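For reference, the structure discussed in these notes is given below.
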Amino acid sequence: MAESRAPVHVTGEVVATKRIGGYRHLTLTAPGVPESFRAGNFVAVTVEGHVARRALWVHRVRASSAFGPTLDVVVETRGSGTAWLAAQPVGARVTITGPLGRPFALPKDPVSCLLVGEGYAAAPLFPLAERLRERGCQVSLLVSAPDEAHLLSALEARRSARSVTVLTADGSVGQRGTVADHVDDLLVRSNADVVYAAGPTAVIRAAAAAAERAGAWSQVAVEVPTPCGTGLCHGCPLPVVGEDGVDRVIRACTEGPVVRGDRVRWEAM
Amino acid sequence: MAESRAPVHVTGEVVATKRIGGYRHLTLTAPGVPESFRAGNFVAVTVEGHVARRALWVHRVRASSAFGPTLDVVVETRGSGTAWLAAQPVGARVTITGPLGRPFALPKDPVSCLLVGEGYAAAPLFPLAERLRERGCQVSLLVSAPDEAHLLSALEARRSARSVTVLTADGSVGQRGTVADHVDDLLVRSNADVVYAAGPTAVIRAAAAAAERAGAWSQVAVEVPTPCGTGLCHGCPLPVVGEDGVDRVIRACTEGPVVRGDRVRWEAM
Amino acid sequence: MSARVPGPVMVAAGCGGTGRELEPYLGPAGLDGLDFVTRSITLDARPGGPGPRLVEVPGGIVNAVGLPNPGLEHFLATELPWLVRAGARVIVSIAGATMGEYADLARRLSRAPGVAGLEVNVGAPDEVGVGLFEVREPYHSASVIAAVRREFPADRPVLAKLRPDVSRIVEGARSCHEAGATAVVVGNAVPAAFPDGRAGGLSGPAIAPIALRCVATVHQTVPEVPLIACGGVRDAASATAYLRAGASAVQVGTALLHDPTTLARLRADLETSHQEDP
Amino acid sequence: MSARVPGPVMVAAGCGGTGRELEPYLGPAGLDGLDFVTRSITLDARPGGPGPRLVEVPGGIVNAVGLPNPGLEHFLATELPWLVRAGARVIVSIAGATMGEYADLARRLSRAPGVAGLEVNVGAPDEVGVGLFEVREPYHSASVIAAVRREFPADRPVLAKLRPDVSRIVEGARSCHEAGATAVVVGNAVPAAFPDGRAGGLSGPAIAPIALRCVATVHQTVPEVPLIACGGVRDAASATAYLRAGASAVQVGTALLHDPTTLARLRADLETSHQEDP
Ligand SMILES: Cc1cc2nc3c(=O)[nH]c(=O)nc-3n(C[C@H](O)[C@H](O)[C@H](O)COP(=O)(O)OP(=O)(O)OC[C@H]3O[C@@H](n4cnc5c(N)ncnc54)[C@H](O)[C@@H]3O)c2cc1C
Ligand SMILES: Cc1cc2nc3c(=O)[nH]c(=O)nc-3n(C[C@H](O)[C@H](O)[C@H](O)COP(=O)(O)OP(=O)(O)OC[C@H]3O[C@@H](n4cnc5c(N)ncnc54)[C@H](O)[C@@H]3O)c2cc1C
Ligand SMILES: Cc1cc2nc3c(=O)[nH]c(=O)nc-3n(C[C@H](O)[C@H](O)[C@H](O)COP(=O)(O)O)c2cc1C
Ligand SMILES: Cc1cc2nc3c(=O)[nH]c(=O)nc-3n(C[C@H](O)[C@H](O)[C@H](O)COP(=O)(O)O)c2cc1C
Ligand code: FES
Ligand code: FES
């Protein structure tokens, strides 16, 4: 897998914030982070008064803007930390560490790829789609969500993807159903050699299983709680089978979060 | 001494904030607090993520404004809590308890009063001056500060006070010198029967001593750290001599902060 | 021993003032029916220690208040009657320098009208510093409890308040229970230091995980001992963590200093969640 | 015993990853010259416990990581050489289920090139849960230290890492020192529970006042024992509180999880304040 360059720990600034559906999209400066970002990396954000860090996928980077290089994150408010972050106004200073974790490995050849993502966790698939297209890969994108409010807009992705499929559990937009219901069918239709998946465990597990059935490679972006995000605490256990066939527990934040789908011991998660 | 009415614990809002010299002046709503305020009361403010409360004198109350009743406080940034408070923008919600503590006791007769205050702690003397004037007392005001930036504006007080004397330690405005240098002289000139003092210990002690020398009563507003402000923790010891002549330690937040100057055991503070 | 275990929500010793100061924040019911533990009362009046008595630290406060109190006689004459009139169930916390003092306090309080129970402070974070009977081993606290129990009517609770020290709490709880404690309060402030090195006790949210470990350990080992949890309770979540771990009541201390309405809110929240439970 | 006491700023066991993950945040010097305590190494590989291993609480975190490590052999083959090449002064933390395991670890590490010293983990917050040698009384830890000391060269430090338990720390420190510990590390995470009652250890700023009390007490009682403070160090103020109380070095743990640059900043700040002192 590709190795990411050295992360930095910096103070950045919120340069834009907007609510889109059920999410808050923030654009941040974070000197040094956008510059060495690769698709699948995440950042860890400091929440004032809280010891643990909050992990966020990087949804997009811009090499230059009026504020210099920036990165976008998509925040779903859940507990204290995400609520705090979502409430930060333009100008607020935010301490950020990144880019963190192993990014998606890119194929050497211009193969056909299926990208499967659900909810905010679909975020890293968008920069991935761009990179894949640059390499001449054929990209099919499957974006799913429980409902319309939690669907990341696939509009921009239409530039990078040959086909975009939208699913919602309630059928409020796109097709009705779950990733598990549709992924095999899409795999066949897209004739994919590689599946990239990001989302809740059930979703990435379904995608990995479908890939295995179809004889495709898969890479999944796993989310387990990452108290530090930097590999220091061993607090983010991810059970896998090593290359040597031996069961191991790796750190999701450092040896993941992107791993080969056939390596994850799903039943042990 | 007058007893203050029952305090409340409420969420208020910053309705105005401005920097004046070295201080931040905040106007806050705090339903129920301005209504039962008496001069010399203080409020305790909650700082997010901090257990102890921060005490602030009430500088002014308005019975009605566009926002309903409001109160003004004067904040000098010192540590984490005052820095946080001073940074709160209009619209920020602030949890406030008050009015707290025993207020200044008002004389029954229309006597002559000297009010002595230094720095932000002069704040409670302004509403006091108004009350005294309403009662027909002659009010002389001595406002002091280390320098001009830390001098509370006495402009408004000119309505209530017969005379206003301004002192700065560096002579940058008004007369040069400290309260201790000038208070005896002023006491004689104002022919005061009662001295009210608020400020650092050295200042109120000097005022109390001058009162004693001149045979006047004194009431001093004492500042010792008040972790809760509500009388619950006994964490604000103030050594006094009781009415029975016996040494006691009282709670500054509840049995004070205003006490008779001749009761304080200054050397034990 | 048919004494009722108080709770489920109580005021922790030394964090409710004399009761009067807390009253404005308790809502319409006021102190009525509230289990109010007084600050620790000693035979003679104590002025308390010098300032600063409390210093804020991350997640809590360190205190060395020094047990300021007006002494038993003055307490009986002024504070107790007021609390009784206000309807509080008054649990008097007692502290002494010797076993005899504890027994003395218990005897005299057994005759005072309106004392609903006693809490014996045998776990101060710096008992040597404040001149209290030193509890080095669990049997020291058990002897104090036995002495108090002999002097106090069996139909009223005697609570043993212990330090949340996981290496001793099981033995302490067991032996105090055997010595006659109706329930064991786990625990007091944790022995700690001020930033300048002076001895004090750490309280507040910071110590909740420590006291919770003690409560869970005691409950698993000696489930027959009724437990009252104390340490960092601030909301329904922190209270129910203790109740789930085996406590039958919780005491609220430092949270009241931060937000004096905590108790009123907590009583309401726990009742609601209780009603929601099947 | 002419071994140098490390410090003044060290990485605490289990909070610096394998060293590689910390390196990007250490500034230009990197690990060079840094006293790096490894996570506790056991004879055999351990996968560590199930998730959630760390949960955030006010002022700190509760952890039950379960000592994940690749086992001694793999450590010697991969992690140690990397650390040595990076210039770190490697202090290997060791943990065992029996005294024999501790001795074994010490013996094998005494021969490994580049091991600057040992830290003996005899104060885990839940040693029973993780299957370590149980330290109930101070003499249990002292026996382990004696066994380790016999196997490890006298010119390299052996540190005894104890629990910050004020009722036992003096006796523990004294006896470990007598048993040959170059210095005593005070202390480990404090025994605590997760919100669901599961056993773990509390670390971070929340425990600093507790460990500070232990350091001050030990230093006042047995000033001849060199002390290394560990617990909630996060900035120059928290570090100097320990140094003033008698510690000759501090270890930084949880603060690194919150801000991986803490160590670099702290080294710079302490040097500055050192230069400012007369
Ligand atoms: C690699 C990775 C990428 C992520 N990307 C995003 C993203 O782009 N957008 C987004 O909204 N969320 C993302 N999350 C989830 C997000 O980090 C959690 O929702 C957040 O940490 C919860 O914090 P909180 O303060 O809101 O909740 P709290 O309940 O206050 O969190 C308390 C603690 O639990 C941890 N925690 C709780 N739930 C999770 C969880 N699901 N994952 C990780 N840690 C958790 C937090 O780190 C914190 O230590 C990501 C998580 C991971 C691991
Ligand atoms: C009755 C009273 C009225 C006050 N009125 C005002 C006012 O009108 N304007 C103003 O700017 N300040 C006022 N103060 C002082 C103000 O409360 C302290 O400056 C403030 O608490 C320090 O908090 P911090 O968070 O900035 O500092 P930190 O150093 O973070 O404070 C830490 C802790 O120390 C306590 N503390 C530290 N210094 C003091 C102090 N001098 N007095 C009380 N507590 C202290 C705080 O309550 C807090 O618990 C008043 C204090 C009292 C007792
Ligand atoms: C200011 C203060 C005063 C206290 N006084 C007493 C006391 O008199 N007797 C006693 O047994 N405990 C006393 N305590 C301990 C508390 O009752 C309680 O056991 C401890 O603070 C832990 O609970 P908490 O985290 O809810 O505060 C005091 C605590 C504080 C903070
Ligand atoms: C995630 C984590 C892992 C730890 N692993 C170890 C370990 O392997 N061996 C050990 O002796 N202490 C271990 N500790 C304890 C720390 O080294 C340190 O003693 C404790 O956390 C207190 O210091 P702190 O507050 O600076 O973290 C660990 C602590 C944490 C938070
Ligand atoms: S989150 Fe700390 S090592 Fe992964
Ligand atoms: S500050 Fe708590 S009693 Fe006065």
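As shown in the structure tokens, the chain order sets the letters A, B, ...; within each chain, residues go from 1, and ligands are also counted from 1 in the order they appear.
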If you run DSSP on this backbone, which residues of range 75-272 of chain C come out as alpha helix (DSSP H), and could you give them as a PyMOL selection string?
chain C and resi 80-85+99-110+138-151+169-178+208-221+236-245+254-258+262-272
Please, which residues have at least one atom within 7 Å of an atom of ligand 4, using only C-alpha atoms and all ligand atoms, listed as a ChimeraX atom specification?
/A:233-235 /D:12-15,39-40,54,61,63,65,67,93,121,124,161,187-189,203-205,207-208,230-233,251-255
Give me the residues near range 67-70 of chain B as a list in words, where near means some atom within 6 Å (using only C-alpha atoms) and where sequence neighbours in that chain fewer than 3 positions away do not count.
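Returned residues: Leu28, Thr29, Val61, Arg62, Ala63 and Ser64 of chain B.
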Once you count only C-alpha atoms and all ligand atoms, what closest atom pair and distance in Å to one decimal does each residue of chain B within 8 Å of ligand 6 have, with rows by chain and rising residue number, as JSON lines?
```
{"residue": "B:Pro225", "atom": "CA", "partner": "ligand 6", "partner_atom_place_in_ligand_line": "1 (S)", "distance": 6.9}
{"residue": "B:Thr226", "atom": "CA", "partner": "ligand 6", "partner_atom_place_in_ligand_line": "1 (S)", "distance": 3.5}
{"residue": "B:Pro227", "atom": "CA", "partner": "ligand 6", "partner_atom_place_in_ligand_line": "1 (S)", "distance": 4.4}
{"residue": "B:Cys228", "atom": "CA", "partner": "ligand 6", "partner_atom_place_in_ligand_line": "2 (Fe)", "distance": 4.0}
{"residue": "B:Gly229", "atom": "CA", "partner": "ligand 6", "partner_atom_place_in_ligand_line": "1 (S)", "distance": 3.9}
{"residue": "B:Thr230", "atom": "CA", "partner": "ligand 6", "partner_atom_place_in_ligand_line": "2 (Fe)", "distance": 5.6}
{"residue": "B:Gly231", "atom": "CA", "partner": "ligand 6", "partner_atom_place_in_ligand_line": "3 (S)", "distance": 3.4}
{"residue": "B:Leu232", "atom": "CA", "partner": "ligand 6", "partner_atom_place_in_ligand_line": "3 (S)", "distance": 4.5}
{"residue": "B:Cys233", "atom": "CA", "partner": "ligand 6", "partner_atom_place_in_ligand_line": "2 (Fe)", "distance": 3.9}
{"residue": "B:His234", "atom": "CA", "partner": "ligand 6", "partner_atom_place_in_ligand_line": "3 (S)", "distance": 3.8}
{"residue": "B:Gly235", "atom": "CA", "partner": "ligand 6", "partner_atom_place_in_ligand_line": "2 (Fe)", "distance": 4.8}
{"residue": "B:Cys236", "atom": "CA", "partner": "ligand 6", "partner_atom_place_in_ligand_line": "4 (Fe)", "distance": 4.5}
{"residue": "B:Pro237", "atom": "CA", "partner": "ligand 6", "partner_atom_place_in_ligand_line": "4 (Fe)", "distance": 7.4}
{"residue": "B:Arg251", "atom": "CA", "partner": "ligand 6", "partner_atom_place_in_ligand_line": "4 (Fe)", "distance": 5.1}
{"residue": "B:Ala252", "atom": "CA", "partner": "ligand 6", "partner_atom_place_in_ligand_line": "4 (Fe)", "distance": 5.7}
{"residue": "B:Cys253", "atom": "CA", "partner": "ligand 6", "partner_atom_place_in_ligand_line": "4 (Fe)", "distance": 4.3}
{"residue": "B:Thr254", "atom": "CA", "partner": "ligand 6", "partner_atom_place_in_ligand_line": "4 (Fe)", "distance": 6.2}
```
Which residue of D:Glu101, D:Asp196, D:Asp155, D:Glu56 approaches ligand 1 most closely, using only C-alpha atoms and all ligand atoms
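Among D:Glu101, D:Asp196, D:Asp155, D:Glu56, it is D:Glu56 that comes nearest to ligand 1.
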Find the residues near range 180-183 of chain B: any atom within 7 Å, counting only C-alpha atoms, skip ones fewer than 6 places away on the same chain, and give them as a ChimeraX atom specification.
/B:203,206-207,210
Could you pull out the residues sitting within 7 Å of ligand 1, using only C-alpha atoms and all ligand atoms, and write them as a PyMOL selection string?
(chain A and resi 42+52-58+73-83+120-121+123+222-227+253+257) or (chain D and resi 55-56)
